[in-house]
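A.B. asks: I have a structure I would like to understand better, so I am pasting it below and will then ask my questions one at a time.
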Amino acid sequence: MARFYLTTAIDYANGDPHMGHAYEKIGADAIARYRRLRGDDVWFVIGMDEHGQKVQQEAESRGRDPQDWVDEVAGRFVRVWDRLQISHDDFIRTTEPRHERAVDALIEKIEANGDIYTARYEGYYCDGCEAFRKESELVDGRCPLHPSRDIQTMEEENYFFRLSDYRDRLVAHIEAHPEFIQPVSRRNEILRLLEGGLEDISASRSKVSWGVPFPGDPDHTVYVWFDALPNYISAVGYPGQEFFDRWPAALHVIGKDITRFHCVIWPAMLMSAGIELPATVWAHGFLMIGGGKLSKSEAQLLNLESLIERHGPDAFRYVLLREAAWDSDRDFPGVQEFLDQFDARYESDLANDLGNLLNRSVSMIAKYRGGVVPRAAVPGTGTTLETDLDRSGAEALELWTGAMDALRLHDGIEAAMSIVRAANGFIDRSQPWKLAKDPDAAEELEAVLGSLVRALVRASVALSPVMPGKCREIWDRLGGEGPLPGPGDIDARIPTRIADSRPGVLFPRPEA
Ligand SMILES: [Zn+2]
C-alpha cells in the first residue's frame, strides 16, 4: 500500500473562510479521496496558522485574548469543512503544544547546522504579507500584492536564516526532480527567481509577542512563516520517531501566491535540518470574480455558506472543480456571471445529465425486470451481454485515472461525465421501451439495461472524489453493498437488485 501524505496550506486565522479557502480544500479532498479509492494509505492534513502580527492586531481590536479569538475562528473553519465533507485525518493548529515542540526542535537543528545568526535589519516591510520586501519588489513604492496598504519601514535586531547558502542546492534539486514543483509554469517561475540569487531571511521578530518564543531567546518570537511552514512536520509527530511513518509528504497543495515560501524557504529549512524534501508541491491557480475587486454588496453574494446551500455541498464541490481548472486561473467577469454559470452547470450536468440518467435507468429496470439488474454475461453459455457503452465506459475510466494521477481534476471530471452523456445517448438510440414490447428482443433489452447500471457505477466511482455524498446516494439507489468499489473492482461488485425504484430526485431543481 503506497503511503500518501497530503497537505493543504494552513489558513490564516484573521478572517472568515471564503471561496478561495474552500476551493483549495475541495481540490485537495478530491485528491485524497481518489487516492483512497486506489487503495493508497492516505494521511490528509489541513489546519490553521494562528500566530503573527495580524492575528494579534485583530484580537486586540476586538478586545479579545488572542487564544480565545483563534479558538473561535478555527471553530468557524471546521464547521465549514464538515459541511463540505472534507475528509481530513488531522487538523493542525500552530498554537498547539505539539506544534511548538516541533518548531523548537527544527530551529535547534537549523541553528546547530550554523544557519542562524543575529543581525540588525532595516528595510521595507509589508503588513499584508507579514514579510520584508526588497525595494526592487515594490511597484510604485507599494507591495504588488497589497497595493492599498502603505509600505512600512522597519528596523529590528533579528535572528536570520542563511537562505542565500541554499540557492545552488535548490536549483540542483529542482532540476533533478521535475515533479518537485508543479504545474510547470510555477517551476519555471521559481527557477527564474533563483537565478537572481537569494538573500537571507528573518527567522524571528522582536516586536510581535503572539508567537512561538524563539529557542534560547524569549525576547524574540519565531517569525510567522518560520512558524507556519513546519506545520507539515509537526502534524505527523516531528521530532518523534513516528514522524518517519508519514514523512516525506507526497504532496503539498498550495495557492500560487505562496510558492516562494513553499518552493524556496521551506525546502531550504528542511535541507538545513537534514530532513527529506516533500515529493511534490502543487500550486493551484485562483478562482476569481471581477478580477478580485468586488463591492461590499457583491462580496456578500459570495458568502460561502449561502453558496454551499444554493445547491448543496456536493454540487458546490462539483461546480468549483469543473469550472476552475486545477492548474490555472479562472476569472469570471462579475458575481452575476458566476452565479449564472453555477446554476447552468448544476442544471445541465447534474440535474439533467446525471440525475435523469439515474431516474430513467432505475425506473426501466423496475418496470421491465422487476428491479433485477441484468448481468454482463448469460450464465453457462459464454454469451456476453456487454455493449458499446461498456467499452466506452472502460476507456473513459482509463482517461479518468490518467487525469487524476496527473492532478488534472477538471479533466477527470470531464472523463466521468463523458460516461454519463454516453449512457443518455445510448438510451435514446437503443429505445428500451420498444425492445420491451418485442419478445424476440429480450436479450438485447437485458444487455441495454445491464450496461446502464454498469455505466452508472463507473460514473459514480469516478465522480465520488468530487461528490462523495451524491455518489454514495447513487450507489445505494442502485442496490450497492458496502462502500463504493475502487476502480479495479467495479466489475466484481455490480449490484444485482435495485434497492429503491422510487423516482426520488437526486438533484432537485430550485423553485422558480
Ligand atoms: Zn504584501
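Residue names in the C-alpha cells use chain letters A, B, ... in the order shown, residue numbers from 1 in each chain, and ligand numbers from 1 in the order shown.
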Please identify every residue of chain A that has at least one atom no farther than 6 Å from an atom of ligand 1, counting only C-alpha atoms and all ligand atoms, and for each give the shortest atom pair and the distance in Å to one decimal, arranged by chain then increasing number, as CSV.
C.D. replies:
```
residue,atom,partner,partner_atom_place_in_ligand_line,distance
A:Cys126,CA,ligand 1,1 (Zn),4.8
A:Gly128,CA,ligand 1,1 (Zn),4.5
A:Cys129,CA,ligand 1,1 (Zn),4.0
A:Cys143,CA,ligand 1,1 (Zn),4.7
A:Leu145,CA,ligand 1,1 (Zn),4.8
A:His146,CA,ligand 1,1 (Zn),4.5
```
A.B. asks: Pick out the residues sitting within 9 Å of Pro432 of chain A, and hand them over as a ChimeraX atom specification; count only C-alpha atoms, and ignore anything fewer than 5 positions along from it in its own chain.
C.D. replies: /A:364,427,437,444-445,448-449
A.B. asks: What is the atom CA of Gln241 of chain A to atom CA of Trp266 of chain A distance in Å?
C.D. replies: 21.2 Å
A.B. asks: Would you give me, as an NGL selection string, the residues in segment 154-354 of chain A that DSSP reads as helix (DSSP H, G or I)?
C.D. replies: :A and (163-176 or 184-195 or 224-228 or 231-234 or 243-246 or 256-273 or 290-292 or 296-301 or 304-311 or 313-323 or 335-354)
A.B. asks: Determine which residues of segment 291-389 of chain A receive a DSSP assignment of strand (DSSP E or B), computed from the backbone, and state them as an mmCIF file with all heavy atoms, in the first residue's frame.
C.D. replies:
```cif
data_model
loop_
_atom_site.group_PDB
_atom_site.id
_atom_site.type_symbol
_atom_site.label_atom_id
_atom_site.label_comp_id
_atom_site.auth_asym_id
_atom_site.auth_seq_id
_atom_site.Cartn_x
_atom_site.Cartn_y
_atom_site.Cartn_z
ATOM 1 N N ARG A 330 -9.198 30.920 -13.138
ATOM 2 C CA ARG A 330 -10.476 31.144 -13.802
ATOM 3 C C ARG A 330 -11.010 32.470 -13.268
ATOM 4 O O ARG A 330 -11.174 32.632 -12.071
ATOM 5 C CB ARG A 330 -11.452 30.015 -13.493
ATOM 6 C CG ARG A 330 -12.868 30.230 -14.048
ATOM 7 C CD ARG A 330 -12.902 30.037 -15.556
ATOM 8 N NE ARG A 330 -14.101 30.609 -16.160
ATOM 9 C CZ ARG A 330 -15.225 29.931 -16.401
ATOM 10 N NH1 ARG A 330 -15.293 28.664 -16.085
ATOM 11 N NH2 ARG A 330 -16.255 30.512 -16.961
ATOM 12 N N ASP A 331 -11.272 33.385 -14.168
ATOM 13 C CA ASP A 331 -11.785 34.693 -13.754
ATOM 14 C C ASP A 331 -13.158 34.901 -14.367
ATOM 15 O O ASP A 331 -13.297 34.893 -15.586
ATOM 16 C CB ASP A 331 -10.809 35.796 -14.196
ATOM 17 C CG ASP A 331 -11.100 37.126 -13.498
ATOM 18 O OD1 ASP A 331 -12.048 37.177 -12.679
ATOM 19 O OD2 ASP A 331 -10.395 38.105 -13.775
ATOM 20 N N PHE A 332 -14.157 35.054 -13.528
ATOM 21 C CA PHE A 332 -15.498 35.406 -14.012
ATOM 22 C C PHE A 332 -15.608 36.923 -14.053
ATOM 23 O O PHE A 332 -15.101 37.599 -13.159
ATOM 24 C CB PHE A 332 -16.567 34.852 -13.070
ATOM 25 C CG PHE A 332 -16.701 33.362 -13.134
ATOM 26 C CD1 PHE A 332 -15.959 32.548 -12.300
ATOM 27 C CD2 PHE A 332 -17.569 32.773 -14.042
ATOM 28 C CE1 PHE A 332 -16.075 31.168 -12.366
ATOM 29 C CE2 PHE A 332 -17.687 31.396 -14.112
ATOM 30 C CZ PHE A 332 -16.943 30.594 -13.275
ATOM 31 N N VAL A 372 -34.487 -6.446 -10.936
ATOM 32 C CA VAL A 372 -33.292 -7.303 -11.013
ATOM 33 C C VAL A 372 -32.345 -6.733 -12.075
ATOM 34 O O VAL A 372 -32.748 -6.496 -13.218
ATOM 35 C CB VAL A 372 -33.676 -8.753 -11.373
ATOM 36 C CG1 VAL A 372 -32.420 -9.607 -11.577
ATOM 37 C CG2 VAL A 372 -34.560 -9.342 -10.280
ATOM 38 N N ALA A 377 -23.162 -11.261 -18.526
ATOM 39 C CA ALA A 377 -22.982 -12.497 -19.291
ATOM 40 C C ALA A 377 -24.160 -13.419 -19.015
ATOM 41 O O ALA A 377 -24.754 -13.362 -17.947
ATOM 42 C CB ALA A 377 -21.679 -13.182 -18.886
ATOM 43 N N VAL A 378 -24.511 -14.256 -19.996
ATOM 44 C CA VAL A 378 -25.545 -15.261 -19.765
ATOM 45 C C VAL A 378 -24.868 -16.464 -19.113
ATOM 46 O O VAL A 378 -23.974 -17.061 -19.714
ATOM 47 C CB VAL A 378 -26.217 -15.671 -21.090
ATOM 48 C CG1 VAL A 378 -27.319 -16.704 -20.835
ATOM 49 C CG2 VAL A 378 -26.779 -14.439 -21.802
ATOM 50 N N THR A 383 -22.010 -16.381 -23.463
ATOM 51 C CA THR A 383 -22.524 -15.233 -24.210
ATOM 52 C C THR A 383 -22.319 -13.948 -23.404
ATOM 53 O O THR A 383 -22.725 -13.867 -22.249
ATOM 54 C CB THR A 383 -24.026 -15.396 -24.480
ATOM 55 O OG1 THR A 383 -24.217 -16.646 -25.121
ATOM 56 C CG2 THR A 383 -24.558 -14.273 -25.351
ATOM 57 N N THR A 384 -21.689 -12.969 -24.029
ATOM 58 C CA THR A 384 -21.512 -11.696 -23.328
ATOM 59 C C THR A 384 -22.648 -10.745 -23.686
ATOM 60 O O THR A 384 -23.136 -10.735 -24.812
ATOM 61 C CB THR A 384 -20.158 -11.041 -23.649
ATOM 62 O OG1 THR A 384 -20.133 -9.750 -23.035
ATOM 63 C CG2 THR A 384 -19.952 -10.861 -25.142
#
```
A.B. asks: Using only C-alpha atoms, which residue out of A:Arg98, A:His173, A:Arg317, A:Arg509 lies closest to Asp29 of chain A?
C.D. replies: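 Answer, going by the shortest atom-to-atom distance: A:Arg317.
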A.B. asks: Just the number, please: distance in Å from atom CA of Lys109 of chain A to atom CA of Arg246 of chain A, one decimal.
C.D. replies: 19.9 Å
A.B. asks: Which residues are near Pro213 of chain A? Cut-off 9 Å, only C-alpha atoms, ignore same chain within fewer than 5 positions. Put them as a PyMOL selection string.
C.D. replies: chain A and resi 100+104+204+218-222
A.B. asks: Write out the residues from the selection above, keeping N, CA, C and O atoms, as an mmCIF file, in the first residue's frame.
C.D. replies:
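The result, stored in again.cif:
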```
data_model
loop_
_atom_site.group_PDB
_atom_site.id
_atom_site.type_symbol
_atom_site.label_atom_id
_atom_site.label_comp_id
_atom_site.auth_asym_id
_atom_site.auth_seq_id
_atom_site.Cartn_x
_atom_site.Cartn_y
_atom_site.Cartn_z
ATOM 1 N N GLU A 100 4.427 23.671 18.686
ATOM 2 C CA GLU A 100 5.506 24.488 19.245
ATOM 3 C C GLU A 100 6.746 23.634 19.518
ATOM 4 O O GLU A 100 7.870 24.072 19.278
ATOM 5 N N ASP A 104 10.450 24.330 17.811
ATOM 6 C CA ASP A 104 11.649 24.388 18.655
ATOM 7 C C ASP A 104 12.730 23.442 18.149
ATOM 8 O O ASP A 104 13.884 23.825 17.958
ATOM 9 N N SER A 204 12.989 35.534 13.052
ATOM 10 C CA SER A 204 12.339 35.916 14.313
ATOM 11 C C SER A 204 11.818 37.344 14.194
ATOM 12 O O SER A 204 12.178 38.074 13.266
ATOM 13 N N PRO A 218 13.776 34.308 24.693
ATOM 14 C CA PRO A 218 12.345 34.598 24.827
ATOM 15 C C PRO A 218 11.961 36.046 24.483
ATOM 16 O O PRO A 218 10.774 36.352 24.427
ATOM 17 N N ASP A 219 12.973 36.936 24.254
ATOM 18 C CA ASP A 219 12.628 38.294 23.821
ATOM 19 C C ASP A 219 12.168 38.312 22.364
ATOM 20 O O ASP A 219 11.645 39.305 21.878
ATOM 21 N N HIS A 220 12.395 37.198 21.669
ATOM 22 C CA HIS A 220 12.003 37.111 20.266
ATOM 23 C C HIS A 220 10.927 36.042 20.108
ATOM 24 O O HIS A 220 10.908 35.062 20.841
ATOM 25 N N THR A 221 10.069 36.232 19.110
ATOM 26 C CA THR A 221 9.183 35.139 18.713
ATOM 27 C C THR A 221 9.592 34.692 17.311
ATOM 28 O O THR A 221 10.198 35.452 16.554
ATOM 29 N N VAL A 222 9.250 33.452 17.002
ATOM 30 C CA VAL A 222 9.581 32.911 15.684
ATOM 31 C C VAL A 222 8.730 33.640 14.645
ATOM 32 O O VAL A 222 7.520 33.819 14.827
#
```
A.B. asks: Once you count only C-alpha atoms, what closest atom pair and distance in Å to one decimal does each residue of segment 240-262 of chain A within 10 Å of segment 34-50 of chain A have, with rows by chain and rising residue number, as JSON lines?
C.D. replies:
```
{"residue": "A:Arg246", "atom": "CA", "partner": "A:Trp43", "partner_atom": "CA", "distance": 7.7}
{"residue": "A:Ala249", "atom": "CA", "partner": "A:Trp43", "partner_atom": "CA", "distance": 9.2}
{"residue": "A:Ala250", "atom": "CA", "partner": "A:Val42", "partner_atom": "CA", "distance": 9.6}
{"residue": "A:Leu251", "atom": "CA", "partner": "A:Phe44", "partner_atom": "CA", "distance": 9.7}
{"residue": "A:His252", "atom": "CA", "partner": "A:Val45", "partner_atom": "CA", "distance": 9.8}
```
A.B. asks: Print the selection's residues with N, CA and C atoms to a file, as a CSV table (one decimal), in the first residue's frame.
C.D. replies:
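Below is the file result-v1.csv, written as the result:
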```csv
chain,number,residue,atom,x,y,z
A,246,ARG,N,5.2,8.8,8.3
A,246,ARG,CA,4.4,9.5,7.3
A,246,ARG,C,5.3,10.3,6.3
A,249,ALA,N,6.2,14.1,2.8
A,249,ALA,CA,4.9,14.3,2.2
A,249,ALA,C,4.9,13.9,0.7
A,250,ALA,N,3.9,13.3,0.2
A,250,ALA,CA,3.7,13.1,-1.2
A,250,ALA,C,3.4,14.4,-1.9
A,251,LEU,N,2.6,15.2,-1.3
A,251,LEU,CA,2.0,16.4,-2.0
A,251,LEU,C,1.7,17.5,-1.0
A,252,HIS,N,2.2,18.7,-1.2
A,252,HIS,CA,1.7,19.9,-0.6
A,252,HIS,C,0.9,20.6,-1.6
```
A.B. asks: With only C-alpha atoms as the atoms that count, which of A:Thr387, A:Tyr124, A:Val171, A:Asn352 lies nearest to Ser136 of chain A?
C.D. replies: A:Tyr124
